[in-house]
>>> print(open('structure10.pdb').read())   # PDB, C-alpha atoms
MODEL        1
ATOM      1  CA  MET Y   1      22.700  -8.364 -23.523
ATOM      2  CA  LEU Y   2      20.129 -11.117 -24.042
ATOM      3  CA  LEU Y   3      18.914 -12.917 -20.939
ATOM      4  CA  THR Y   4      18.631 -16.679 -20.683
ATOM      5  CA  LYS Y   5      15.321 -18.348 -19.842
ATOM      6  CA  LYS Y   6      16.462 -18.930 -16.276
ATOM      7  CA  GLN Y   7      17.545 -15.314 -15.815
ATOM      8  CA  THR Y   8      14.299 -14.019 -17.311
ATOM      9  CA  GLU Y   9      12.182 -16.206 -15.026
ATOM     10  CA  PHE Y  10      14.226 -15.037 -12.032
ATOM     11  CA  TYR Y  11      13.814 -11.323 -12.760
ATOM     12  CA  LEU Y  12      10.064 -11.706 -13.368
ATOM     13  CA  LYS Y  13       9.704 -13.024  -9.798
ATOM     14  CA  ASP Y  14      12.504 -11.113  -8.094
ATOM     15  CA  LEU Y  15      11.800  -8.130  -5.828
ATOM     16  CA  GLU Y  16      15.294  -7.568  -4.465
ATOM     17  CA  THR Y  17      17.590  -6.685  -7.386
ATOM     18  CA  PRO Y  18      17.239  -3.347  -9.227
ATOM     19  CA  THR Y  19      16.204  -5.147 -12.438
ATOM     20  CA  GLY Y  20      13.586  -7.252 -10.674
ATOM     21  CA  LYS Y  21      12.237  -4.220  -8.824
ATOM     22  CA  ALA Y  22      11.988  -2.196 -12.042
ATOM     23  CA  ILE Y  23      10.131  -4.978 -13.862
ATOM     24  CA  ASN Y  24       7.668  -5.645 -11.054
ATOM     25  CA  LEU Y  25       7.138  -1.947 -10.353
ATOM     26  CA  THR Y  26       6.279  -1.417 -14.043
ATOM     27  CA  LEU Y  27       3.807  -4.304 -13.955
ATOM     28  CA  THR Y  28       2.292  -2.956 -10.739
ATOM     29  CA  VAL Y  29       1.797   0.512 -12.218
ATOM     30  CA  LEU Y  30       0.184  -0.943 -15.344
ATOM     31  CA  VAL Y  31      -2.201  -3.119 -13.313
ATOM     32  CA  LEU Y  32      -3.260  -0.115 -11.216
ATOM     33  CA  LEU Y  33      -3.517   2.134 -14.282
ATOM     34  CA  SER Y  34      -5.705  -0.381 -16.095
ATOM     35  CA  SER Y  35      -7.932  -0.678 -13.021
ATOM     36  CA  GLY Y  36      -8.135   3.106 -12.791
ATOM     37  CA  ILE Y  37      -9.211   3.333 -16.438
ATOM     38  CA  PHE Y  38     -11.953   0.802 -15.768
ATOM     39  CA  VAL Y  39     -13.256   2.938 -12.890
ATOM     40  CA  ALA Y  40     -12.990   6.204 -14.855
ATOM     41  CA  GLU Y  41     -15.041   4.891 -17.747
ATOM     42  CA  THR Y  42     -18.029   4.229 -15.490
ATOM     43  CA  TYR Y  43     -18.487   8.006 -15.275
ATOM     44  CA  ASN Y  44     -19.622  10.478 -17.904
ATOM     45  CA  ILE Y  45     -16.399  11.730 -19.461
ATOM     46  CA  PRO Y  46     -15.826  13.557 -22.784
ATOM     47  CA  ASP Y  47     -15.551  11.346 -25.868
ATOM     48  CA  HIS Y  48     -12.034  12.475 -26.717
ATOM     49  CA  ILE Y  49     -10.803  11.514 -23.246
ATOM     50  CA  LEU Y  50     -12.600   8.190 -23.552
ATOM     51  CA  MET Y  51     -10.818   7.508 -26.837
ATOM     52  CA  ASP Y  52      -7.462   8.355 -25.281
ATOM     53  CA  LEU Y  53      -8.157   5.985 -22.405
ATOM     54  CA  ASN Y  54      -9.070   3.224 -24.850
ATOM     55  CA  VAL Y  55      -5.793   3.714 -26.712
ATOM     56  CA  ILE Y  56      -3.822   3.593 -23.472
ATOM     57  CA  ASP Y  57      -5.651   0.473 -22.404
ATOM     58  CA  ILE Y  58      -5.007  -1.280 -25.715
ATOM     59  CA  VAL Y  59      -1.301  -0.504 -25.334
ATOM     60  CA  ILE Y  60      -1.390  -1.942 -21.807
ATOM     61  CA  LEU Y  61      -3.144  -5.069 -23.080
ATOM     62  CA  ILE Y  62      -0.518  -5.552 -25.797
ATOM     63  CA  PHE Y  63       2.183  -5.130 -23.141
ATOM     64  CA  PHE Y  64       0.537  -7.806 -20.980
ATOM     65  CA  ALA Y  65       0.266 -10.068 -24.016
ATOM     66  CA  GLY Y  66       4.011  -9.696 -24.464
ATOM     67  CA  GLU Y  67       4.556 -10.361 -20.769
ATOM     68  CA  TYR Y  68       2.471 -13.535 -21.017
ATOM     69  CA  ALA Y  69       4.563 -14.735 -23.964
ATOM     70  CA  VAL Y  70       7.832 -13.996 -22.124
ATOM     71  CA  ARG Y  71       6.664 -15.748 -18.956
ATOM     72  CA  LEU Y  72       5.542 -18.759 -20.970
ATOM     73  CA  TRP Y  73       8.852 -18.855 -22.844
ATOM     74  CA  SER Y  74      10.914 -18.647 -19.661
ATOM     75  CA  ALA Y  75       8.784 -20.930 -17.468
ATOM     76  CA  GLU Y  76      10.533 -24.139 -16.470
ATOM     77  CA  ASN Y  77       7.198 -25.973 -16.279
ATOM     78  CA  LYS Y  78       5.046 -24.475 -19.032
ATOM     79  CA  ILE Y  79       2.000 -26.648 -18.306
ATOM     80  CA  ASN Y  80       1.838 -25.482 -14.695
ATOM     81  CA  TYR Y  81       2.196 -21.876 -15.805
ATOM     82  CA  ILE Y  82      -0.513 -22.094 -18.484
ATOM     83  CA  PHE Y  83      -3.031 -23.462 -15.983
ATOM     84  CA  SER Y  84      -2.081 -21.146 -13.115
ATOM     85  CA  PHE Y  85      -4.774 -18.707 -11.985
ATOM     86  CA  TYR Y  86      -3.262 -15.428 -13.170
ATOM     87  CA  ALA Y  87      -1.974 -16.886 -16.424
ATOM     88  CA  THR Y  88      -5.458 -18.209 -17.204
ATOM     89  CA  ILE Y  89      -6.991 -14.793 -16.524
ATOM     90  CA  ASP Y  90      -4.384 -13.128 -18.747
ATOM     91  CA  LEU Y  91      -4.939 -15.627 -21.556
ATOM     92  CA  ILE Y  92      -8.715 -15.154 -21.508
ATOM     93  CA  ALA Y  93      -8.307 -11.359 -21.599
ATOM     94  CA  ILE Y  94      -5.788 -11.544 -24.456
ATOM     95  CA  LEU Y  95      -7.810 -13.994 -26.549
ATOM     96  CA  THR Y  96     -11.117 -12.149 -26.098
ATOM     97  CA  PHE Y  97      -9.461  -8.930 -27.238
ATOM     98  CA  PHE Y  98      -7.830 -10.337 -30.359
ATOM     99  CA  ILE Y  99     -10.887 -12.401 -31.304
ATOM    100  CA  GLY Y 100     -13.018  -9.267 -30.992
ATOM    101  CA  GLY Y 101     -16.649  -8.671 -30.164
ATOM    102  CA  VAL Y 102     -16.036  -8.217 -26.430
ATOM    103  CA  ASP Y 103     -16.416  -4.999 -24.445
ATOM    104  CA  LEU Y 104     -13.029  -3.610 -23.447
ATOM    105  CA  ARG Y 105     -14.386  -2.941 -19.972
ATOM    106  CA  PHE Y 106     -14.988  -6.680 -19.519
ATOM    107  CA  ILE Y 107     -11.361  -7.357 -20.482
ATOM    108  CA  ARG Y 108     -10.189  -4.717 -18.005
ATOM    109  CA  LEU Y 109     -12.328  -6.335 -15.339
ATOM    110  CA  LEU Y 110     -10.605  -9.655 -15.977
ATOM    111  CA  ARG Y 111      -7.250  -7.973 -15.558
ATOM    112  CA  CYS Y 112      -8.414  -6.447 -12.276
ATOM    113  CA  PHE Y 113      -8.007  -9.919 -10.785
ATOM    114  CA  ARG Y 114      -4.278  -9.281 -11.047
ATOM    115  CA  ILE Y 115      -4.653  -6.813  -8.166
ATOM    116  CA  LEU Y 116      -4.675  -9.867  -5.916
ATOM    117  CA  SER Y 117      -1.169 -10.721  -7.099
ATOM    118  CA  LEU Y 118       0.087  -7.438  -5.613
ATOM    119  CA  ILE Y 119      -0.486  -8.795  -2.101
ATOM    120  CA  LYS Y 120       2.901 -10.526  -2.309
ATOM    121  CA  LEU Y 121       4.569  -7.096  -2.420
ATOM    122  CA  ILE Y 122       3.332  -6.078   1.034
ATOM    123  CA  ASP Y 123       5.603  -8.357   3.060
ATOM    124  CA  ARG Y 124       8.679  -7.036   1.276
ATOM    125  CA  PRO Y 125      10.433  -3.662   1.476
ATOM    126  CA  PHE Y 126       9.229  -2.889  -2.056
ATOM    127  CA  LEU Y 127       6.112  -0.731  -2.137
ATOM    128  CA  PHE Y 128       5.686  -0.643   1.634
ATOM    129  CA  GLY Y 129       9.231  -0.065   2.767
ATOM    130  CA  THR Y 130       8.102   2.045   5.740
ATOM    131  CA  ILE Y 131       6.327  -0.928   7.355
ATOM    132  CA  THR Y 132       8.939  -2.296   9.755
ATOM    133  CA  THR Y 133       6.909  -4.451  12.139
ATOM    134  CA  GLU Y 134       5.307  -7.815  11.520
ATOM    135  CA  ASP Y 135       2.027  -6.504  12.951
ATOM    136  CA  GLY Y 136       2.117  -3.668  10.432
ATOM    137  CA  GLU Y 137       2.730  -6.092   7.578
ATOM    138  CA  ILE Y 138      -0.148  -8.357   8.620
ATOM    139  CA  PHE Y 139      -2.494  -5.395   9.055
ATOM    140  CA  ALA Y 140      -1.491  -3.952   5.661
ATOM    141  CA  ARG Y 141      -1.965  -7.340   4.020
ATOM    142  CA  ILE Y 142      -5.426  -7.720   5.534
ATOM    143  CA  LEU Y 143      -6.503  -4.240   4.429
ATOM    144  CA  PHE Y 144      -5.139  -4.713   0.918
ATOM    145  CA  THR Y 145      -6.703  -8.169   0.571
ATOM    146  CA  LEU Y 146     -10.103  -6.851   1.633
ATOM    147  CA  PHE Y 147      -9.792  -3.847  -0.690
ATOM    148  CA  ALA Y 148      -8.763  -6.033  -3.635
ATOM    149  CA  ILE Y 149     -11.668  -8.436  -3.139
ATOM    150  CA  ILE Y 150     -14.181  -5.608  -2.687
ATOM    151  CA  PHE Y 151     -12.789  -3.896  -5.795
ATOM    152  CA  ILE Y 152     -13.207  -7.062  -7.889
ATOM    153  CA  TYR Y 153     -16.722  -7.683  -6.593
ATOM    154  CA  SER Y 154     -17.595  -4.049  -7.312
ATOM    155  CA  GLY Y 155     -16.415  -4.394 -10.893
ATOM    156  CA  LEU Y 156     -18.357  -7.630 -11.342
ATOM    157  CA  ILE Y 157     -21.619  -6.293  -9.927
ATOM    158  CA  TYR Y 158     -21.274  -3.110 -11.974
ATOM    159  CA  GLN Y 159     -20.739  -5.044 -15.215
ATOM    160  CA  VAL Y 160     -23.735  -7.260 -14.474
ATOM    161  CA  GLU Y 161     -26.194  -4.694 -13.125
ATOM    162  CA  HIS Y 162     -25.386  -1.465 -14.963
ATOM    163  CA  PRO Y 163     -26.844  -2.565 -18.343
ATOM    164  CA  VAL Y 164     -30.168  -3.595 -16.759
ATOM    165  CA  ASN Y 165     -30.243  -1.315 -13.716
ATOM    166  CA  PRO Y 166     -28.374   1.896 -14.622
ATOM    167  CA  ASP Y 167     -30.339   4.143 -12.266
ATOM    168  CA  VAL Y 168     -29.192   2.144  -9.225
ATOM    169  CA  PHE Y 169     -25.726   1.065 -10.373
ATOM    170  CA  GLY Y 170     -24.789   4.175 -12.302
ATOM    171  CA  THR Y 171     -21.089   4.387 -11.467
ATOM    172  CA  PHE Y 172     -18.340   2.292  -9.951
ATOM    173  CA  LEU Y 173     -18.784   4.158  -6.667
ATOM    174  CA  ASP Y 174     -22.377   2.883  -6.467
ATOM    175  CA  ALA Y 175     -21.121  -0.654  -6.968
ATOM    176  CA  PHE Y 176     -18.294  -0.162  -4.459
ATOM    177  CA  TYR Y 177     -20.722   1.163  -1.838
ATOM    178  CA  PHE Y 178     -23.022  -1.813  -2.442
ATOM    179  CA  SER Y 179     -20.111  -4.255  -2.103
ATOM    180  CA  VAL Y 180     -18.943  -2.759   1.182
ATOM    181  CA  VAL Y 181     -22.348  -2.765   2.880
ATOM    182  CA  THR Y 182     -23.057  -6.261   1.538
ATOM    183  CA  MET Y 183     -19.756  -7.871   2.558
ATOM    184  CA  THR Y 184     -19.942  -6.300   6.005
ATOM    185  CA  THR Y 185     -23.527  -7.697   6.201
ATOM    186  CA  VAL Y 186     -24.887  -4.236   7.032
ATOM    187  CA  GLY Y 187     -27.223  -4.384   4.042
ATOM    188  CA  PHE Y 188     -28.963  -0.996   4.021
ATOM    189  CA  GLY Y 189     -31.160  -2.135   1.136
ATOM    190  CA  ASP Y 190     -31.057   1.192  -0.700
ATOM    191  CA  LEU Y 191     -29.279  -0.496  -3.637
ATOM    192  CA  THR Y 192     -30.715  -3.775  -4.882
ATOM    193  CA  PRO Y 193     -29.642  -5.944  -7.839
ATOM    194  CA  ILE Y 194     -32.459  -7.124 -10.097
ATOM    195  CA  SER Y 195     -30.747  -9.662 -12.354
ATOM    196  CA  GLU Y 196     -30.291 -13.291 -11.368
ATOM    197  CA  LEU Y 197     -26.532 -13.069 -11.828
ATOM    198  CA  GLY Y 198     -26.468  -9.904  -9.729
ATOM    199  CA  ARG Y 199     -28.306 -11.655  -6.909
ATOM    200  CA  LEU Y 200     -25.941 -14.604  -7.153
ATOM    201  CA  LEU Y 201     -22.993 -12.229  -6.837
ATOM    202  CA  THR Y 202     -24.669 -10.677  -3.797
ATOM    203  CA  VAL Y 203     -24.891 -14.084  -2.137
ATOM    204  CA  LEU Y 204     -21.210 -14.696  -2.900
ATOM    205  CA  MET Y 205     -20.335 -11.302  -1.397
ATOM    206  CA  ILE Y 206     -22.179 -12.136   1.814
ATOM    207  CA  LEU Y 207     -20.542 -15.562   2.069
ATOM    208  CA  THR Y 208     -17.137 -14.007   1.417
ATOM    209  CA  GLY Y 209     -17.741 -11.318   4.019
ATOM    210  CA  ILE Y 210     -18.826 -13.647   6.813
ATOM    211  CA  SER Y 211     -15.960 -16.046   6.138
ATOM    212  CA  LEU Y 212     -13.065 -13.832   5.070
ATOM    213  CA  ILE Y 213     -13.292 -10.958   7.550
ATOM    214  CA  PRO Y 214     -13.421 -13.085  10.757
ATOM    215  CA  TRP Y 215     -10.594 -15.267   9.405
ATOM    216  CA  GLN Y 216      -8.399 -12.265   8.642
ATOM    217  CA  VAL Y 217      -9.122 -10.643  12.009
ATOM    218  CA  GLY Y 218      -8.391 -13.951  13.756
ATOM    219  CA  ASP Y 219      -5.061 -14.162  11.932
ATOM    220  CA  LEU Y 220      -4.202 -10.645  13.075
ATOM    221  CA  ILE Y 221      -5.035 -11.489  16.704
ATOM    222  CA  LYS Y 222      -2.834 -14.605  16.573
ATOM    223  CA  ARG Y 223       0.017 -12.543  15.165
ATOM    224  CA  LEU Y 224      -0.430  -9.924  17.878
ATOM    225  CA  VAL Y 225      -0.214 -12.605  20.555
ATOM    226  CA  LYS Y 226       2.884 -14.022  18.891
ATOM    227  CA  THR Y 227       4.667 -10.677  18.586
ATOM    228  CA  ALA Y 228       3.958  -9.926  22.243
ATOM    229  CA  ASN Y 229       6.722 -12.440  22.991
ATOM    230  CA  GLN Y 230       9.218 -10.990  20.518
ATOM    231  CA  LEU Y 231      12.195  -8.711  21.026
ATOM    232  CA  GLU Y 232      12.558  -5.265  19.500
ATOM    233  CA  ILE Y 233      15.720  -5.683  17.420
ATOM    234  CA  VAL Y 234      15.952  -3.649  14.236
ATOM    235  CA  CYS Y 235      17.522  -5.565  11.364
ATOM    236  CA  SER Y 236      20.348  -3.574   9.811
ATOM    237  CA  GLY Y 237      19.562  -5.093   6.418
ATOM    238  CA  CYS Y 238      15.839  -4.520   5.885
ATOM    239  CA  GLY Y 239      14.672  -2.667   9.008
ATOM    240  CA  LEU Y 240      12.293  -5.336  10.337
ATOM    241  CA  ALA Y 241      11.875  -4.370  13.983
ATOM    242  CA  PHE Y 242      10.650  -7.453  15.858
ATOM    243  CA  HIS Y 243      12.123 -10.958  15.982
ATOM    244  CA  ASP Y 244      11.770 -14.126  18.032
ATOM    245  CA  VAL Y 245      13.678 -14.224  21.305
ATOM    246  CA  ASP Y 246      16.068 -16.934  20.099
ATOM    247  CA  ALA Y 247      16.492 -15.553  16.549
ATOM    248  CA  LYS Y 248      20.053 -15.024  15.348
ATOM    249  CA  PHE Y 249      19.229 -13.992  11.778
ATOM    250  CA  CYS Y 250      16.471 -11.859  10.265
ATOM    251  CA  LYS Y 251      13.652 -14.029   8.940
ATOM    252  CA  ARG Y 252      12.980 -11.550   6.131
ATOM    253  CA  CYS Y 253      16.428 -10.985   4.624
ATOM    254  CA  GLY Y 254      18.783 -13.303   6.529
ATOM    255  CA  THR Y 255      21.010 -10.573   7.975
ATOM    256  CA  GLU Y 256      22.686 -11.415  11.282
ATOM    257  CA  LEU Y 257      20.921  -9.711  14.173
ATOM    258  CA  LEU Y 258      22.995  -7.512  16.477
ATOM    259  CA  LYS Y 259      21.111  -8.028  19.719
ATOM    260  CA  GLY Y 260      21.331  -5.233  22.192
ATOM    261  CA  LYS Y 261      22.959  -2.877  19.684
ATOM    262  CA  LEU Y 262      20.151  -1.710  17.445
ATOM    263  CA  THR Y 263      16.757  -0.502  18.599
ATOM    264  CA  ILE Y 264      14.104   1.681  17.037
ATOM    265  CA  SER Y 265      14.835   4.499  19.479
ATOM    266  CA  GLU Y 266      18.510   4.410  18.564
ATOM    267  CA  LEU Y 267      17.717   4.547  14.846
ATOM    268  CA  ASN Y 268      15.574   7.592  15.467
TER     269      ASN Y 268
ENDMDL
END
>>> encode(input="structure10.pdb", output="structure tokens")
Amino acid sequence: MLLTKKQTEFYLKDLETPTGKAINLTLTVLVLLSSGIFVAETYNIPDHILMDLNVIDIVILIFFAGEYAVRLWSAENKINYIFSFYATIDLIAILTFFIGGVDLRFIRLLRCFRILSLIKLIDRPFLFGTITTEDGEIFARILFTLFAIIFIYSGLIYQVEHPVNPDVFGTFLDAFYFSVVTMTTVGFGDLTPISELGRLLTVLMILTGISLIPWQVGDLIKRLVKTANQLEIVCSGCGLAFHDVDAKFCKRCGTELLKGKLTISELN
């Protein structure tokens, strides 16, 4: 059965229905697989495995090209979609591949930005269904956001520094280590970029670290203070454990709350 534009757009964004879950889970796996291939190719691996990884990655890229076309076709406002952040990243990656002359690893790095889009999955019972408290969701979101940003910075600094400084930035792990110590402003100094672009990225890492981490921690503290005044009432629909004192319906799924009848201890 062929789907209408409206149905297609709905399922591409939906995380509740089986069809929407299957589509978004497939996209999630492909994003993570592509990122994993990018990391693997920074190490010395046999040529035949490298060729297999390239084939897999080309298939993934073609799949994402098809996804871009479907999203564009089904989008109610095509102009807004074309100029959205993730659509722009996808379009650049697709065009650079089909035009040719661009390292596949650079295209994979562009697609790594899509890891940020996976943050939306954390506050839903989709990939993190075992997280039942709001504090747990906020903490998971903070950790995943930090990891995603560090991962992207690591890929960027590796792509910039490895060609000119391979002894220092030999693998992705070297770049990841550098990103962590730089963003946390520890700065051991045992790894140092030598290119101008690498130094610029280092400055951006430091600025991101001193602004993002305190902001995220502050958000967590505010949430902890807020949840201190909440009741422990487990939602029978999605399992969210804490709600406002005057809440009658679950803020996540809308299920009516049965106050005084469901608690975490009773579910266990």
>>> resolve_selection(input="structure10.pdb", expression="the PyMOL selection byres ((chain Y and resi 113) around 9)", output="PyMOL selection string")
chain Y and resi 86+89+109-112+114-117+148-149+152
>>> closest_residue(input="structure10.pdb", among="Y:Ser35, Y:Thr88, Y:Thr8, Y:Thr42", to="Pro166 in chain Y", atoms="all atoms listed in the file")
Y:Thr42
>>> resolve_selection(input="structure10.pdb", expression="the PyMOL selection byres ((chain Y and resi 36) around 12)", output="PDB file with C-alpha atoms, in the frame of the given file")
ATOM      1  CA  VAL Y  29       1.797   0.512 -12.218  1.00  0.00           C
ATOM      2  CA  LEU Y  30       0.184  -0.943 -15.344  1.00  0.00           C
ATOM      3  CA  VAL Y  31      -2.201  -3.119 -13.313  1.00  0.00           C
ATOM      4  CA  LEU Y  32      -3.260  -0.115 -11.216  1.00  0.00           C
ATOM      5  CA  LEU Y  33      -3.517   2.134 -14.282  1.00  0.00           C
ATOM      6  CA  SER Y  34      -5.705  -0.381 -16.095  1.00  0.00           C
ATOM      7  CA  SER Y  35      -7.932  -0.678 -13.021  1.00  0.00           C
ATOM      8  CA  ILE Y  37      -9.211   3.333 -16.438  1.00  0.00           C
ATOM      9  CA  PHE Y  38     -11.953   0.802 -15.768  1.00  0.00           C
ATOM     10  CA  VAL Y  39     -13.256   2.938 -12.890  1.00  0.00           C
ATOM     11  CA  ALA Y  40     -12.990   6.204 -14.855  1.00  0.00           C
ATOM     12  CA  GLU Y  41     -15.041   4.891 -17.747  1.00  0.00           C
ATOM     13  CA  THR Y  42     -18.029   4.229 -15.490  1.00  0.00           C
ATOM     14  CA  TYR Y  43     -18.487   8.006 -15.275  1.00  0.00           C
ATOM     15  CA  LEU Y  53      -8.157   5.985 -22.405  1.00  0.00           C
ATOM     16  CA  ILE Y  56      -3.822   3.593 -23.472  1.00  0.00           C
ATOM     17  CA  ASP Y  57      -5.651   0.473 -22.404  1.00  0.00           C
ATOM     18  CA  ARG Y 105     -14.386  -2.941 -19.972  1.00  0.00           C
ATOM     19  CA  ARG Y 108     -10.189  -4.717 -18.005  1.00  0.00           C
ATOM     20  CA  LEU Y 109     -12.328  -6.335 -15.339  1.00  0.00           C
ATOM     21  CA  ARG Y 111      -7.250  -7.973 -15.558  1.00  0.00           C
ATOM     22  CA  CYS Y 112      -8.414  -6.447 -12.276  1.00  0.00           C
ATOM     23  CA  ILE Y 115      -4.653  -6.813  -8.166  1.00  0.00           C
ATOM     24  CA  PHE Y 151     -12.789  -3.896  -5.795  1.00  0.00           C
ATOM     25  CA  GLY Y 155     -16.415  -4.394 -10.893  1.00  0.00           C
ATOM     26  CA  PHE Y 172     -18.340   2.292  -9.951  1.00  0.00           C
TER      27      PHE Y 172
END
>>> axis_aligned_box(input="structure10.pdb", around="range 80-83 of chain Y", padding_each_side="8 Å", output="AutoDock Vina command-line options")
--center_x -0.4 --center_y -23.7 --center_z -16.6 --size_x 21.2 --size_y 19.6 --size_z 19.8
>>> residues_around(input="structure10.pdb", residues="Ala69 in chain Y", least_positions_apart="2", cutoff="12 Å", atoms="all atoms listed in the file", output="PDB file with C-alpha atoms, keeping the file's coordinate frame")
ATOM      1  CA  THR Y   8      14.299 -14.019 -17.311  1.00  0.00           C
ATOM      2  CA  GLU Y   9      12.182 -16.206 -15.026  1.00  0.00           C
ATOM      3  CA  ILE Y  62      -0.518  -5.552 -25.797  1.00  0.00           C
ATOM      4  CA  PHE Y  63       2.183  -5.130 -23.141  1.00  0.00           C
ATOM      5  CA  PHE Y  64       0.537  -7.806 -20.980  1.00  0.00           C
ATOM      6  CA  ALA Y  65       0.266 -10.068 -24.016  1.00  0.00           C
ATOM      7  CA  GLY Y  66       4.011  -9.696 -24.464  1.00  0.00           C
ATOM      8  CA  GLU Y  67       4.556 -10.361 -20.769  1.00  0.00           C
ATOM      9  CA  ARG Y  71       6.664 -15.748 -18.956  1.00  0.00           C
ATOM     10  CA  LEU Y  72       5.542 -18.759 -20.970  1.00  0.00           C
ATOM     11  CA  TRP Y  73       8.852 -18.855 -22.844  1.00  0.00           C
ATOM     12  CA  SER Y  74      10.914 -18.647 -19.661  1.00  0.00           C
ATOM     13  CA  ALA Y  75       8.784 -20.930 -17.468  1.00  0.00           C
ATOM     14  CA  LYS Y  78       5.046 -24.475 -19.032  1.00  0.00           C
ATOM     15  CA  TYR Y  81       2.196 -21.876 -15.805  1.00  0.00           C
ATOM     16  CA  ILE Y  82      -0.513 -22.094 -18.484  1.00  0.00           C
ATOM     17  CA  ALA Y  87      -1.974 -16.886 -16.424  1.00  0.00           C
ATOM     18  CA  ASP Y  90      -4.384 -13.128 -18.747  1.00  0.00           C
ATOM     19  CA  LEU Y  91      -4.939 -15.627 -21.556  1.00  0.00           C
ATOM     20  CA  ILE Y  94      -5.788 -11.544 -24.456  1.00  0.00           C
TER      21      ILE Y  94
END
>>> atom_distance(input="structure10.pdb", atom1="CA of Cys235 in chain Y", atom2="CA of Phe10 in chain Y")
25.5 Å
>>> residues_around(input="structure10.pdb", residues="Gly198 in chain Y", least_positions_apart="5", cutoff="9 Å", atoms="all atoms listed in the file", output="list in words")
Leu156, Ile157, Tyr158, Val160, Glu161, Thr192, Pro193 and Val203 of chain Y
>>> atom_distance(input="structure10.pdb", atom1="CA of Cys253 in chain Y", atom2="CA of Asn24 in chain Y")
18.7 Å
>>> atom_distance(input="structure10.pdb", atom1="CA of Phe147 in chain Y", atom2="CA of Thr28 in chain Y")
15.7 Å
>>> resolve_selection(input="structure10.pdb", expression="the PyMOL selection byres ((chain Y and resi 247) around 12)", output="ChimeraX atom specification")
/Y:230-233,235,242-246,248-252,254-259
>>> closest_residue(input="structure10.pdb", among="Y:Leu61, Y:Ser211, Y:Met183, Y:Leu201", to="Ile92 in chain Y", atoms="all atoms listed in the file")
Y:Leu61
